[in-house]
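Student: Got a structure here, written out as structure tokens. Questions coming.
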Amino acid sequence: NPPRNANYPSTPFSNSPQPLPSKQTISSPSTHLQTLITLLPFPPPPAHNHTILDVGCGSGILCALLHRSSPSSKILGIDHFPNLSALSKSNLQSDGIPLSEHLKPGHVTIKNINYHDLPSRLSSFKIRGFDMIAFGCSPSSIPAGIVDVLLEGGRCVVPVGTRMKQRYTLLTKCRDVGSGKFELKVETLDDFGYCRFVPLLNNCVDYGERYRRKWCYGKKMCRAVGRFMNGKK
């Protein structure tokens with residue numbers, strides 16, 4: 001079920017992206033479902049205390065779904081935009097999801113952090129890495145530093161590709177038997193088809209140019225996003 005009381009924008013039960021502030025979007029429910037199916041075991045074991053990261057948490061909806069699917073886990077949602085981090089907190093609080101400033105089992109933590117700064121800040125969360133990572137934004141290639149933030153055996157779902165077309169990709173951190181070094185097993189999830197996400201941002205992005213070129217599309221264009229974009233051109 002979607003969050004009950006959270007203040008999401010328009011047509012929350014439509015299977016299409018939704019507009020967010022800062023020219024971002026919420027991915028469609030089917031996209032979130034694909035992420036949950038790929039990352040989480042089903043049926044879940046009785047006690048599954050994972051450490052999970054949501055990159056580009058936006059409205060907070062995936063953090064809410066992750067918490068409901070894995071209620072004993074520690075969940076961290078990060079977003080580049082301060083207003084979206086605040087929106088996530090507000091929505092999760094409205095929906096009765098337990099929040100915490102520090103990572104702890106059964107709670108969600110929201111921080112205004114850019115992904116590229118995360119590897120250097122892991123120690124501040126008192127963790128060695130994450131069991132699962134979900135990207136709600138798309139890098140053009142395998143995310144830099146992902147080996148450093150995944151635990152051994154950890155999995156990451158990330159849309160990788162060009163601005164206009166990406167493929168869901170599953171990354172698994174494993175140890176090479178011969179060398180003993182960590183490496184990434186990369187699988188393209190062809191069954192999910194192509195997708196379109198907002199880009200993974202860094203601290204040097206020209207947001208006006210990114211928006212003029214319409215890089216803020218979600219998985220597929222919907223009327224709500226079209227109206228939003230036309231009104232802000």
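By order in the structure tokens, chains are A, B, ...; within a chain, residues start at 1; ligands start at 1, following the order shown.
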Can you list, as a PyMOL selection string, all residues belonging to segment 63-200 of chain A that DSSP tags as strand (DSSP E)?

Tutor: chain A and resi 74-78+108-111+130-135+150-161+166-175+182-188+194-195

Student: Take the residues from that selection and write them out as a short mmCIF file (atom, residue, chain, number, x, y, z; two decimals), in the first residue's frame, keeping N, CA and C atoms.

Tutor:
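Saved file out.cif follows:
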data_model
loop_
_atom_site.label_atom_id
_atom_site.label_comp_id
_atom_site.auth_asym_id
_atom_site.auth_seq_id
_atom_site.Cartn_x
_atom_site.Cartn_y
_atom_site.Cartn_z
N LYS A 74 17.84 -0.73 9.09
CA LYS A 74 18.27 0.67 9.19
C LYS A 74 18.25 1.24 7.79
N ILE A 75 17.51 2.33 7.59
CA ILE A 75 17.34 2.89 6.25
C ILE A 75 17.82 4.34 6.26
N LEU A 76 18.68 4.66 5.31
CA LEU A 76 19.17 6.02 5.13
C LEU A 76 18.72 6.53 3.77
N GLY A 77 18.02 7.66 3.77
CA GLY A 77 17.66 8.33 2.52
C GLY A 77 18.47 9.60 2.39
N ILE A 78 19.09 9.80 1.24
CA ILE A 78 19.87 11.03 1.03
C ILE A 78 19.36 11.74 -0.23
N VAL A 108 14.08 5.21 10.00
CA VAL A 108 14.56 5.85 8.77
C VAL A 108 15.29 7.13 9.13
N THR A 109 16.44 7.33 8.50
CA THR A 109 17.22 8.55 8.68
C THR A 109 17.30 9.28 7.33
N ILE A 110 17.01 10.56 7.32
CA ILE A 110 17.06 11.37 6.10
C ILE A 110 18.15 12.43 6.25
N LYS A 111 19.02 12.53 5.26
CA LYS A 111 20.10 13.51 5.30
C LYS A 111 20.21 14.23 3.95
N PHE A 130 26.69 -0.59 3.17
CA PHE A 130 25.27 -0.91 3.05
C PHE A 130 25.08 -2.29 2.44
N ASP A 131 24.04 -2.98 2.91
CA ASP A 131 23.66 -4.26 2.33
C ASP A 131 22.93 -4.07 1.00
N MET A 132 22.17 -2.99 0.91
CA MET A 132 21.37 -2.73 -0.28
C MET A 132 21.36 -1.25 -0.58
N ILE A 133 21.41 -0.92 -1.86
CA ILE A 133 21.37 0.48 -2.30
C ILE A 133 20.41 0.59 -3.47
N ALA A 134 19.52 1.58 -3.42
CA ALA A 134 18.61 1.86 -4.52
C ALA A 134 18.87 3.29 -5.01
N PHE A 135 19.07 3.44 -6.29
CA PHE A 135 19.26 4.76 -6.89
C PHE A 135 17.96 5.23 -7.52
N LEU A 150 29.31 -0.38 -0.56
CA LEU A 150 28.60 -1.66 -0.45
C LEU A 150 29.37 -2.61 0.46
N LEU A 151 28.66 -3.36 1.28
CA LEU A 151 29.27 -4.43 2.05
C LEU A 151 29.48 -5.65 1.16
N GLU A 152 30.33 -6.57 1.59
CA GLU A 152 30.53 -7.79 0.82
C GLU A 152 29.21 -8.54 0.68
N GLY A 153 28.87 -8.90 -0.56
CA GLY A 153 27.59 -9.54 -0.83
C GLY A 153 26.46 -8.55 -1.01
N GLY A 154 26.74 -7.26 -0.81
CA GLY A 154 25.71 -6.24 -0.95
C GLY A 154 25.29 -6.03 -2.39
N ARG A 155 24.06 -5.55 -2.56
CA ARG A 155 23.49 -5.37 -3.88
C ARG A 155 23.03 -3.93 -4.09
N CYS A 156 23.13 -3.49 -5.32
CA CYS A 156 22.73 -2.13 -5.68
C CYS A 156 21.93 -2.18 -6.97
N VAL A 157 20.78 -1.51 -6.99
CA VAL A 157 19.99 -1.36 -8.21
C VAL A 157 20.12 0.08 -8.67
N VAL A 158 20.58 0.26 -9.91
CA VAL A 158 20.83 1.61 -10.42
C VAL A 158 20.50 1.66 -11.91
N PRO A 159 19.78 2.69 -12.36
CA PRO A 159 19.55 2.87 -13.80
C PRO A 159 20.79 3.53 -14.43
N VAL A 160 21.38 2.87 -15.39
CA VAL A 160 22.62 3.36 -16.00
C VAL A 160 22.39 3.58 -17.49
N GLY A 161 22.88 4.72 -18.01
CA GLY A 161 22.76 4.96 -19.44
C GLY A 161 22.81 6.42 -19.78
N GLN A 166 17.93 4.55 -20.21
CA GLN A 166 18.79 3.81 -19.29
C GLN A 166 18.29 2.37 -19.13
N ARG A 167 19.17 1.55 -18.60
CA ARG A 167 18.84 0.17 -18.27
C ARG A 167 18.99 -0.05 -16.77
N TYR A 168 18.03 -0.76 -16.17
CA TYR A 168 18.21 -1.19 -14.80
C TYR A 168 19.41 -2.12 -14.71
N THR A 169 20.26 -1.85 -13.74
CA THR A 169 21.48 -2.63 -13.57
C THR A 169 21.60 -3.08 -12.12
N LEU A 170 21.91 -4.35 -11.93
CA LEU A 170 22.12 -4.89 -10.59
C LEU A 170 23.61 -5.07 -10.37
N LEU A 171 24.13 -4.44 -9.33
CA LEU A 171 25.54 -4.55 -8.96
C LEU A 171 25.65 -5.36 -7.67
N THR A 172 26.53 -6.35 -7.65
CA THR A 172 26.75 -7.16 -6.46
C THR A 172 28.24 -7.14 -6.12
N LYS A 173 28.55 -6.80 -4.89
CA LYS A 173 29.94 -6.77 -4.46
C LYS A 173 30.38 -8.15 -4.01
N CYS A 174 31.39 -8.68 -4.65
CA CYS A 174 31.88 -10.03 -4.30
C CYS A 174 33.42 -10.03 -4.29
N ARG A 175 33.98 -11.07 -3.72
CA ARG A 175 35.43 -11.17 -3.59
C ARG A 175 35.96 -12.15 -4.64
N PHE A 182 38.06 -7.24 -3.86
CA PHE A 182 36.64 -7.05 -4.12
C PHE A 182 36.43 -6.59 -5.55
N GLU A 183 35.32 -7.05 -6.13
CA GLU A 183 34.95 -6.62 -7.47
C GLU A 183 33.44 -6.55 -7.56
N LEU A 184 32.96 -5.94 -8.63
CA LEU A 184 31.53 -5.81 -8.84
C LEU A 184 31.06 -6.79 -9.90
N LYS A 185 30.03 -7.54 -9.58
CA LYS A 185 29.35 -8.34 -10.58
C LYS A 185 28.24 -7.47 -11.16
N VAL A 186 28.24 -7.27 -12.47
CA VAL A 186 27.31 -6.36 -13.12
C VAL A 186 26.33 -7.15 -13.97
N GLU A 187 25.03 -6.98 -13.69
CA GLU A 187 23.98 -7.65 -14.45
C GLU A 187 23.00 -6.61 -14.96
N THR A 188 22.74 -6.62 -16.26
CA THR A 188 21.71 -5.77 -16.83
C THR A 188 20.37 -6.49 -16.73
N TYR A 194 13.68 -0.59 -20.84
CA TYR A 194 14.35 0.70 -20.69
C TYR A 194 13.59 1.58 -19.70
N CYS A 195 14.31 2.53 -19.11
CA CYS A 195 13.70 3.47 -18.18
C CYS A 195 14.34 4.84 -18.37
#

Student: Have a look at A:Leu20, A:Leu99, A:Leu189, A:Leu66 and name the one nearest to Asn49 of chain A; count only C-alpha atoms.

Tutor: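 Checking each candidate against Asn49 of chain A, we get A:Leu66 as the closest.
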
Student: Can you tell me, as an MDAnalysis selection string, which residues in segment 40-150 of chain A count as helix (DSSP H, G or I) by DSSP?

Tutor: chainID A and resid 61:69 82:94 115:117 119:125 146:149

Student: Could you please determine the separation between atom CA of Ser16 of chain A and atom CA of Pro29 of chain A in Å, to one decimal place?

Tutor: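 Atom CA of Pro29 of chain A lies at a distance of 7.1 Å from atom CA of Ser16 of chain A.
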
Student: Counting only C-alpha atoms, what is within 10 Å of Asn112 of chain A, bar same-chain residues fewer than 2 positions away, as a list in words?

Tutor: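 Selected residues are Gly56, Cys57, Gly77, Ile78, Asp79, His80, Phe81, Pro82, Asn83, Leu84, Ser85, Ala86, Ile110, Asn114 and Tyr115 of chain A.
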
Student: Using C-alpha atoms, can you export the residues from the last selection as an mmCIF file, in the first residue's frame?

Tutor:
data_model
loop_
_atom_site.group_PDB
_atom_site.id
_atom_site.type_symbol
_atom_site.label_atom_id
_atom_site.label_comp_id
_atom_site.auth_asym_id
_atom_site.auth_seq_id
_atom_site.Cartn_x
_atom_site.Cartn_y
_atom_site.Cartn_z
ATOM 1 C CA GLY A 56 17.782 10.595 -4.273
ATOM 2 C CA CYS A 57 15.024 9.960 -1.730
ATOM 3 C CA GLY A 77 17.658 8.329 2.524
ATOM 4 C CA ILE A 78 19.867 11.030 1.025
ATOM 5 C CA ASP A 79 19.032 13.849 -1.362
ATOM 6 C CA HIS A 80 21.071 16.593 -2.991
ATOM 7 C CA PHE A 81 18.291 19.164 -2.432
ATOM 8 C CA PRO A 82 17.633 20.491 1.107
ATOM 9 C CA ASN A 83 13.945 21.113 0.359
ATOM 10 C CA LEU A 84 13.441 17.513 -0.779
ATOM 11 C CA SER A 85 15.204 16.164 2.307
ATOM 12 C CA ALA A 86 12.788 18.246 4.383
ATOM 13 C CA ILE A 110 17.061 11.368 6.101
ATOM 14 C CA ASN A 114 25.191 14.408 -2.259
ATOM 15 C CA TYR A 115 26.040 10.817 -3.196
#

Student: Would you mind reading off the distance between atom CA of Val55 of chain A and atom CA of Lys181 of chain A, one decimal, in Å?

Tutor: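 Spanning atom CA of Val55 of chain A to atom CA of Lys181 of chain A is a straight-line distance of 25.8 Å.
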
Student: If you count only C-alpha atoms, which residues fall within 10 Å of Leu118 of chain A, apart from same-chain ones fewer than 3 positions away, as a list in words?

Tutor: Ile78, Ile113, Asn114, Tyr115, Arg121, Leu122, Ser123, Ser124, Gly145, Ile146, Asp148 and Val149 of chain A
